[in-house]
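Have a look at the structure below before the remarks.
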Amino acid sequence: QGRRNHDLVAARLNASPWFSVPEKLGPEERAPDSLQFNLRGMSDVEVEAFVQATEAAGVKVQAFGMSRDNARAFWNWTFIPDLPELPKTRAMLMRACDTRLPARLTRPELDLIAGALIGAAEEIMGETLAYGT
């Protein structure tokens, strides 16, 4: 059920120009309780606005590189001395996001989540395109 839920929302996001949901690795057997996706064509300001818009719509999204304490952000790894700067990894993490997607969710709830994510991206990017900000 969790894989089905993940795949339903992923398909909707992948149909939008603002999202990319990575395919699973060949031998991987997923047990997803969240959905990881990448934002496409957004600036840092637009990513922050997207996160705020989704939260206002009732869907919590975390942008890995925008969170001060996210363990995926290598610059938070204070246990590694002389941590190198990894610009490509940093750029990827600034657009990589995560949202909860529990297996218990119903189809209408999944549609609501996908709609909130896509609607927030369209709202933010529509304003950007319309006003050039």
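Letters for chains follow the order of the structure tokens (A, B, ...), residue numbers begin at 1 for each chain, and ligand numbers begin at 1 in the order shown.
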Selection near A:Arg4, 12 Å with only C-alpha atoms, sequence-local residues under 5 positions removed, as a VMD selection string: chain A and resid 9 to 11 30 to 33 35 101 to 107 110
Strand (DSSP E or B) residues, from DSSP on the backbone, in chain A, as a VMD selection string: chain A and resid 19 to 20 34 to 39 61 to 63 96 to 100
Alpha helix (DSSP H) call set, DSSP backbone run, chain A, as a PyMOL selection string: chain A and resi 2-14+44-56+87-93+107-131
10 Å contact set for stretch 49-64 of chain A, only C-alpha atoms, chain neighbours under 5 positions out, as an MDAnalysis selection string: chainID A and resid 35:39 42:44 69:73 90 92:100 112:125
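Across the structure, atom CA of A:Gly65 and atom CA of A:Ala91 are spaced 8.2 Å apart.
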Shortest interatomic distance to A:Leu13 - which of A:Val47, A:Met66, A:Arg40, A:Gln1, counting only C-alpha atoms: A:Arg40
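For the atom pair formed by atom CA of A:Arg68 and atom CA of A:Glu85, the distance is 16.7 Å, given to one decimal.
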Gap from atom CA of A:Ala15 to atom CA of A:Ser34 - Å, one decimal: 18.9 Å
